[in-house]
Amino acid sequence: MLARCALRRVLRGPNARTRIHARTWQPRIPSQYIPSNDIHTTTRKRPSIIQYALLEKTQVQGLATAAVPSILVPPLIFIGLLLGLWTWKCFWIIVMQNKLLYISWLPPFTRSEVISDYQAECRPVKWEERQIRSLDGTKLAVCEGRIPPGLKNRESMALLRSQNKDCAKLKRKRSVIICYFQGNGGSTPMRLPLLSQVLRSITEASKPAASTTSDSIDTDYTVVALSYRGYWTSSGRATQSGIEMDAQAFLNWVSETYAAPDTDLELVLWGHSLGAAVASTAIATYLPRREDTSTSSSGTSNGQPLPPISRLILEAPTSSIKDMLIALYPQRWLPYRYMWPFSWNTWDIKAKMREIATWRDYSNSPSGSESSASNTRNPPPRSVPPVFILAAEKDEVIPEYVPGQLEQQAKSLSIQIYRKEVLGAMHTEGPQKLDGRKALVQFIIHGTPTSERIHSA
């Protein structure tokens with residue numbers, strides 16, 4: 001009300017228009033709103049404050065869209081909204097990529113599961129939960145499964161006594177620890193029935209060898225499964241650097257727990273999906289560490305050297321995060337496939353294969369052998385364990401060309417590799433199928449899968 005009264009006083013005074021334009025800029029007012037100086041005029045139209053605001057807004061919009069045809073304004077606004085929403089989504093995908101990649105919270109309530117929920121499906125394998133610490137002190141959960149010795153060795157001991165074997169041969173034992181690295185999503189307990197089925201198959205397949213050799217009688221097979229940080233009951237949040245530390249701490253714990261003076265200890269690394277990349281990264285770091293500890297005469301905390309890795313199993317492996325983005329978004333017009341440079345999670349198996357081959361070839365080269373000879377007189381040549389790729393024919397997650405790419409990569413680096421394609425199997429069904437489980441068990445026992453349709457380098 002006060003503003004309206006002030007405006008009226010200004011407009012009624014002499015030289016009103018001059019004072020208005022002298023003090024501040026005002027929008028051009030149509031002629032019907034300009035007061036007339038005719039003394040005979042009895043009715044004058046004066047603009048209100050709201051009309052002034054509407055006139056000013058109309059003039060500003062006219063200046064902004066003067067250079068753009070009116071027919072193009074709606075499409076430009078629509079395209080601008082799409083670009084804004086896409087940029088906002090890409091920003092949050094980059095920022096929240098760890099939450100999107102490591103889906104430890106699926107299925108719901110998976111972190112509250114316990115081993116006893118699946119104990120009936122795992123018999124006669126007995127599972128126990130262990131607590132270890134990562135390299136940075138993060139608390140990790142490990143599931144340890146084995147068949148009780150009374151059930152496993154009763155038949156083999158009776159056969160040994162019947163053949164009048166020397167009991168002194170029983171003093172030396174052989175222990176094979178299968179280190180399992182799980183895939184993305186879910187908890188470790190939900191995978192225990194599958195691991196128990198594989199362990200039972202290993203025990204049954206190793207029994208016939210007892211009639212020919214006594215060494216196989218004393219072989220003890222144990223499965224240990226790691227829960228990465230942020231998974232199941234492990235603390236922390238999942239990141240690539242953190243999971244890499246978890247894998248090294250896990251292998252250290254296995255070496256210290258199962259090493260004994262009268263036991264020949266071997267490690268078998270088995271990774272599924274994302275776990276295949278974790279296992280490949282772990283072995284690329286473990287092999288140089290083992291060589292350093294063996295040359296410096298410092299191994300585990302109990303004085304034993306780090307045990308060798310005799311096998312590497314890649315079940316439904318991923319090649320790299322870059323390849324997975326391209327596979328998930330095959331359309332070239334989608335921008336998400338081009339966002340891999342902004343990812344701080346790589347998990348590149350092919351790069352780790354090159355790293356392992358470089359480490360092996362450097363030792364076998366003349367320059368590498370001369371430099372290593374200065375520390376040890378006759379250093380043994382470096383070797384890389386054989387690799388077995390267990391691929392699923394109907395894998396709904398991993399592209400069908402990934403196993404072939406990894407096989408060609410290993411062949412070009414002269415790494416011994418075998419590949420088995422399980423017919424009719426989906427992403428998690430490779431070891432569940434009889435054909436795939438048989439090849440997996442034979443590779444763990446003998447180092448070579450004895451099954452049909454096997455490709456080897």
# chains A, B, ... in the order shown; residues from 1 in each chain; ligands from 1
call {"tool": "residues_around", "arguments": {"residues": "stretch 221-236 of chain A", "least_positions_apart": "5", "cutoff": "8 Å", "atoms": "only C-alpha atoms", "output": "ChimeraX atom specification"}}
result
/A:104-105,110-113,138-147,175-182,186-188,195,199,202-203,242-243,246-247,250
call {"tool": "residues_around", "arguments": {"residues": "stretch 305-319 of chain A", "least_positions_apart": "6", "cutoff": "7 Å", "atoms": "only C-alpha atoms", "output": "VMD selection string"}}
result
chain A and resid 255 265 to 274 276 to 277 290 293 to 294 298 to 299 348 to 350 385 to 392 398 402 427 447
call {"tool": "write_last_selection", "arguments": {"atoms": "N, CA, C and O atoms", "output": "short mmCIF file (atom, residue, chain, number, x, y, z; two decimals), in the first residue's frame"}}
result
data_model
loop_
_atom_site.label_atom_id
_atom_site.label_comp_id
_atom_site.auth_asym_id
_atom_site.auth_seq_id
_atom_site.Cartn_x
_atom_site.Cartn_y
_atom_site.Cartn_z
N SER A 255 49.22 -69.81 5.62
CA SER A 255 50.59 -70.32 5.71
C SER A 255 51.01 -70.54 7.16
O SER A 255 51.67 -71.55 7.48
N LEU A 265 53.09 -78.53 2.49
CA LEU A 265 51.91 -77.70 2.33
C LEU A 265 51.85 -77.11 0.93
O LEU A 265 52.86 -76.61 0.41
N GLU A 266 50.67 -77.17 0.30
CA GLU A 266 50.43 -76.58 -1.01
C GLU A 266 49.15 -75.76 -0.95
O GLU A 266 48.21 -76.11 -0.23
N LEU A 267 49.13 -74.70 -1.73
CA LEU A 267 47.96 -73.83 -1.81
C LEU A 267 47.35 -73.92 -3.20
O LEU A 267 48.08 -73.93 -4.21
N VAL A 268 46.03 -73.98 -3.24
CA VAL A 268 45.27 -73.92 -4.49
C VAL A 268 44.36 -72.71 -4.39
O VAL A 268 43.52 -72.63 -3.49
N LEU A 269 44.50 -71.78 -5.31
CA LEU A 269 43.69 -70.57 -5.32
C LEU A 269 42.52 -70.76 -6.28
O LEU A 269 42.72 -71.09 -7.45
N TRP A 270 41.32 -70.55 -5.76
CA TRP A 270 40.09 -70.74 -6.52
C TRP A 270 39.25 -69.47 -6.37
O TRP A 270 38.82 -69.12 -5.28
N GLY A 271 39.02 -68.79 -7.49
CA GLY A 271 38.23 -67.58 -7.48
C GLY A 271 37.07 -67.66 -8.44
O GLY A 271 37.20 -68.18 -9.56
N HIS A 272 35.92 -67.15 -8.01
CA HIS A 272 34.73 -67.15 -8.84
C HIS A 272 34.34 -65.73 -9.19
O HIS A 272 34.23 -64.87 -8.30
N SER A 273 34.14 -65.45 -10.48
CA SER A 273 33.69 -64.15 -10.97
C SER A 273 34.65 -63.05 -10.51
O SER A 273 35.81 -63.03 -10.90
N LEU A 274 34.18 -62.15 -9.67
CA LEU A 274 35.07 -61.13 -9.12
C LEU A 274 36.21 -61.74 -8.33
O LEU A 274 37.34 -61.24 -8.33
N ALA A 276 37.84 -64.34 -9.09
CA ALA A 276 38.91 -64.73 -10.00
C ALA A 276 39.92 -63.61 -10.18
O ALA A 276 41.13 -63.84 -10.26
N ALA A 277 39.42 -62.37 -10.27
CA ALA A 277 40.33 -61.23 -10.35
C ALA A 277 41.09 -61.04 -9.04
O ALA A 277 42.28 -60.69 -9.05
N ARG A 290 57.04 -64.70 -1.82
CA ARG A 290 57.53 -66.02 -1.42
C ARG A 290 58.99 -66.18 -1.78
O ARG A 290 59.78 -66.75 -1.00
N THR A 293 61.09 -64.14 0.76
CA THR A 293 61.18 -64.76 2.07
C THR A 293 62.04 -66.02 2.06
O THR A 293 62.71 -66.33 3.04
N SER A 294 62.04 -66.74 0.94
CA SER A 294 62.86 -67.95 0.85
C SER A 294 64.34 -67.62 0.74
O SER A 294 65.19 -68.32 1.31
N SER A 298 63.41 -66.00 5.90
CA SER A 298 62.36 -65.53 6.81
C SER A 298 61.01 -65.82 6.15
O SER A 298 60.70 -65.29 5.10
N GLY A 299 60.24 -66.67 6.77
CA GLY A 299 58.95 -67.05 6.21
C GLY A 299 57.83 -66.64 7.10
O GLY A 299 57.63 -65.47 7.40
N ASP A 348 42.00 -56.19 -13.39
CA ASP A 348 42.39 -56.58 -14.74
C ASP A 348 43.18 -57.89 -14.66
O ASP A 348 44.35 -57.90 -14.23
N ILE A 349 42.57 -59.01 -15.05
CA ILE A 349 43.25 -60.31 -15.00
C ILE A 349 44.33 -60.39 -16.07
O ILE A 349 45.41 -60.95 -15.84
N LYS A 350 44.06 -59.84 -17.24
CA LYS A 350 45.06 -59.90 -18.31
C LYS A 350 46.33 -59.14 -17.92
O LYS A 350 47.44 -59.58 -18.23
N PRO A 385 52.27 -71.41 -11.62
CA PRO A 385 51.35 -72.55 -11.53
C PRO A 385 50.40 -72.60 -12.72
O PRO A 385 50.08 -71.57 -13.32
N PRO A 386 49.93 -73.78 -13.08
CA PRO A 386 48.96 -73.89 -14.18
C PRO A 386 47.64 -73.24 -13.83
O PRO A 386 47.25 -73.14 -12.66
N VAL A 387 46.94 -72.81 -14.87
CA VAL A 387 45.69 -72.09 -14.72
C VAL A 387 44.57 -72.92 -15.36
O VAL A 387 44.76 -73.49 -16.44
N PHE A 388 43.44 -72.96 -14.69
CA PHE A 388 42.27 -73.67 -15.20
C PHE A 388 41.08 -72.71 -15.23
O PHE A 388 40.71 -72.13 -14.20
N ILE A 389 40.50 -72.51 -16.42
CA ILE A 389 39.34 -71.64 -16.59
C ILE A 389 38.10 -72.52 -16.71
O ILE A 389 38.00 -73.35 -17.62
N LEU A 390 37.18 -72.35 -15.77
CA LEU A 390 35.92 -73.08 -15.78
C LEU A 390 34.83 -72.10 -16.23
O LEU A 390 34.39 -71.25 -15.46
N ALA A 391 34.44 -72.20 -17.50
CA ALA A 391 33.48 -71.27 -18.10
C ALA A 391 32.10 -71.91 -18.18
O ALA A 391 31.97 -73.12 -18.33
N ALA A 392 31.08 -71.07 -18.08
CA ALA A 392 29.69 -71.51 -18.19
C ALA A 392 29.16 -71.16 -19.58
O ALA A 392 29.34 -70.03 -20.06
N ILE A 398 28.86 -62.80 -17.53
CA ILE A 398 30.14 -62.64 -18.23
C ILE A 398 29.93 -62.88 -19.72
O ILE A 398 29.29 -63.87 -20.11
N VAL A 402 34.98 -63.74 -23.15
CA VAL A 402 35.98 -63.46 -22.12
C VAL A 402 36.88 -64.67 -21.84
O VAL A 402 38.11 -64.53 -21.80
N HIS A 427 25.90 -68.68 -14.60
CA HIS A 427 27.05 -68.02 -14.00
C HIS A 427 27.57 -68.75 -12.76
O HIS A 427 28.79 -68.83 -12.55
N GLY A 447 46.31 -81.76 -11.31
CA GLY A 447 46.87 -80.62 -12.03
C GLY A 447 46.48 -80.59 -13.49
O GLY A 447 46.87 -79.66 -14.21
#
call {"tool": "residues_around", "arguments": {"residues": "A:Cys90", "least_positions_apart": "4", "cutoff": "8 Å", "atoms": "only C-alpha atoms", "output": "number ranges by chain"}}
result
A: 86, 94, 336
call {"tool": "decode", "arguments": {"residues": "stretch 256-285 of chain A", "atoms": "N, CA and C atoms", "output": "PDB file, in the first residue's frame"}}
result
ATOM      1  N   GLU A 256      50.629 -69.629   8.046  1.00  0.00           N
ATOM      2  CA  GLU A 256      51.020 -69.769   9.445  1.00  0.00           C
ATOM      3  C   GLU A 256      50.197 -70.829  10.171  1.00  0.00           C
ATOM      4  N   THR A 257      48.951 -71.021   9.779  1.00  0.00           N
ATOM      5  CA  THR A 257      48.069 -71.938  10.492  1.00  0.00           C
ATOM      6  C   THR A 257      48.342 -73.389  10.134  1.00  0.00           C
ATOM      7  N   TYR A 258      48.582 -73.671   8.876  1.00  0.00           N
ATOM      8  CA  TYR A 258      48.682 -75.057   8.421  1.00  0.00           C
ATOM      9  C   TYR A 258      50.107 -75.525   8.182  1.00  0.00           C
ATOM     10  N   ALA A 259      51.070 -74.654   8.309  1.00  0.00           N
ATOM     11  CA  ALA A 259      52.461 -75.058   8.108  1.00  0.00           C
ATOM     12  C   ALA A 259      52.942 -75.868   9.310  1.00  0.00           C
ATOM     13  N   ALA A 260      53.693 -76.929   9.028  1.00  0.00           N
ATOM     14  CA  ALA A 260      54.249 -77.795  10.074  1.00  0.00           C
ATOM     15  C   ALA A 260      55.529 -78.425   9.535  1.00  0.00           C
ATOM     16  N   PRO A 261      56.473 -78.749  10.418  1.00  0.00           N
ATOM     17  CA  PRO A 261      57.737 -79.333   9.924  1.00  0.00           C
ATOM     18  C   PRO A 261      57.567 -80.659   9.203  1.00  0.00           C
ATOM     19  N   ASP A 262      56.561 -81.455   9.598  1.00  0.00           N
ATOM     20  CA  ASP A 262      56.382 -82.767   8.985  1.00  0.00           C
ATOM     21  C   ASP A 262      55.310 -82.771   7.909  1.00  0.00           C
ATOM     22  N   THR A 263      54.954 -81.598   7.380  1.00  0.00           N
ATOM     23  CA  THR A 263      53.872 -81.492   6.408  1.00  0.00           C
ATOM     24  C   THR A 263      54.348 -80.727   5.183  1.00  0.00           C
ATOM     25  N   ASP A 264      54.069 -81.287   4.007  1.00  0.00           N
ATOM     26  CA  ASP A 264      54.308 -80.599   2.737  1.00  0.00           C
ATOM     27  C   ASP A 264      53.030 -79.835   2.377  1.00  0.00           C
ATOM     28  N   LEU A 265      53.086 -78.535   2.490  1.00  0.00           N
ATOM     29  CA  LEU A 265      51.906 -77.695   2.332  1.00  0.00           C
ATOM     30  C   LEU A 265      51.853 -77.111   0.928  1.00  0.00           C
ATOM     31  N   GLU A 266      50.670 -77.173   0.300  1.00  0.00           N
ATOM     32  CA  GLU A 266      50.429 -76.584  -1.012  1.00  0.00           C
ATOM     33  C   GLU A 266      49.149 -75.760  -0.949  1.00  0.00           C
ATOM     34  N   LEU A 267      49.132 -74.705  -1.735  1.00  0.00           N
ATOM     35  CA  LEU A 267      47.962 -73.834  -1.811  1.00  0.00           C
ATOM     36  C   LEU A 267      47.352 -73.922  -3.202  1.00  0.00           C
ATOM     37  N   VAL A 268      46.034 -73.980  -3.243  1.00  0.00           N
ATOM     38  CA  VAL A 268      45.274 -73.925  -4.490  1.00  0.00           C
ATOM     39  C   VAL A 268      44.358 -72.715  -4.394  1.00  0.00           C
ATOM     40  N   LEU A 269      44.503 -71.784  -5.312  1.00  0.00           N
ATOM     41  CA  LEU A 269      43.689 -70.572  -5.319  1.00  0.00           C
ATOM     42  C   LEU A 269      42.524 -70.761  -6.279  1.00  0.00           C
ATOM     43  N   TRP A 270      41.322 -70.546  -5.756  1.00  0.00           N
ATOM     44  CA  TRP A 270      40.091 -70.738  -6.525  1.00  0.00           C
ATOM     45  C   TRP A 270      39.252 -69.471  -6.373  1.00  0.00           C
ATOM     46  N   GLY A 271      39.017 -68.795  -7.491  1.00  0.00           N
ATOM     47  CA  GLY A 271      38.231 -67.578  -7.477  1.00  0.00           C
ATOM     48  C   GLY A 271      37.065 -67.663  -8.436  1.00  0.00           C
ATOM     49  N   HIS A 272      35.924 -67.153  -8.009  1.00  0.00           N
ATOM     50  CA  HIS A 272      34.726 -67.153  -8.837  1.00  0.00           C
ATOM     51  C   HIS A 272      34.339 -65.726  -9.194  1.00  0.00           C
ATOM     52  N   SER A 273      34.136 -65.450 -10.480  1.00  0.00           N
ATOM     53  CA  SER A 273      33.693 -64.151 -10.969  1.00  0.00           C
ATOM     54  C   SER A 273      34.646 -63.049 -10.506  1.00  0.00           C
ATOM     55  N   LEU A 274      34.183 -62.147  -9.669  1.00  0.00           N
ATOM     56  CA  LEU A 274      35.074 -61.127  -9.125  1.00  0.00           C
ATOM     57  C   LEU A 274      36.211 -61.744  -8.330  1.00  0.00           C
ATOM     58  N   GLY A 275      35.937 -62.861  -7.660  1.00  0.00           N
ATOM     59  CA  GLY A 275      36.984 -63.552  -6.921  1.00  0.00           C
ATOM     60  C   GLY A 275      38.107 -64.070  -7.803  1.00  0.00           C
ATOM     61  N   ALA A 276      37.840 -64.336  -9.090  1.00  0.00           N
ATOM     62  CA  ALA A 276      38.906 -64.735 -10.005  1.00  0.00           C
ATOM     63  C   ALA A 276      39.916 -63.605 -10.184  1.00  0.00           C
ATOM     64  N   ALA A 277      39.424 -62.374 -10.266  1.00  0.00           N
ATOM     65  CA  ALA A 277      40.329 -61.235 -10.348  1.00  0.00           C
ATOM     66  C   ALA A 277      41.093 -61.045  -9.045  1.00  0.00           C
ATOM     67  N   VAL A 278      40.427 -61.283  -7.907  1.00  0.00           N
ATOM     68  CA  VAL A 278      41.106 -61.173  -6.615  1.00  0.00           C
ATOM     69  C   VAL A 278      42.207 -62.223  -6.503  1.00  0.00           C
ATOM     70  N   ALA A 279      41.916 -63.450  -6.932  1.00  0.00           N
ATOM     71  CA  ALA A 279      42.920 -64.517  -6.870  1.00  0.00           C
ATOM     72  C   ALA A 279      44.096 -64.232  -7.799  1.00  0.00           C
ATOM     73  N   SER A 280      43.826 -63.709  -8.988  1.00  0.00           N
ATOM     74  CA  SER A 280      44.913 -63.387  -9.916  1.00  0.00           C
ATOM     75  C   SER A 280      45.803 -62.274  -9.363  1.00  0.00           C
ATOM     76  N   THR A 281      45.186 -61.275  -8.756  1.00  0.00           N
ATOM     77  CA  THR A 281      45.968 -60.206  -8.144  1.00  0.00           C
ATOM     78  C   THR A 281      46.769 -60.717  -6.957  1.00  0.00           C
ATOM     79  N   ALA A 282      46.161 -61.607  -6.180  1.00  0.00           N
ATOM     80  CA  ALA A 282      46.852 -62.138  -5.005  1.00  0.00           C
ATOM     81  C   ALA A 282      48.071 -62.969  -5.395  1.00  0.00           C
ATOM     82  N   ILE A 283      47.947 -63.785  -6.439  1.00  0.00           N
ATOM     83  CA  ILE A 283      49.080 -64.624  -6.827  1.00  0.00           C
ATOM     84  C   ILE A 283      50.202 -63.798  -7.445  1.00  0.00           C
ATOM     85  N   ALA A 284      49.853 -62.710  -8.123  1.00  0.00           N
ATOM     86  CA  ALA A 284      50.884 -61.845  -8.693  1.00  0.00           C
ATOM     87  C   ALA A 284      51.699 -61.152  -7.610  1.00  0.00           C
ATOM     88  N   THR A 285      51.107 -60.922  -6.454  1.00  0.00           N
ATOM     89  CA  THR A 285      51.828 -60.323  -5.329  1.00  0.00           C
ATOM     90  C   THR A 285      52.499 -61.382  -4.466  1.00  0.00           C
TER      91      THR A 285
END
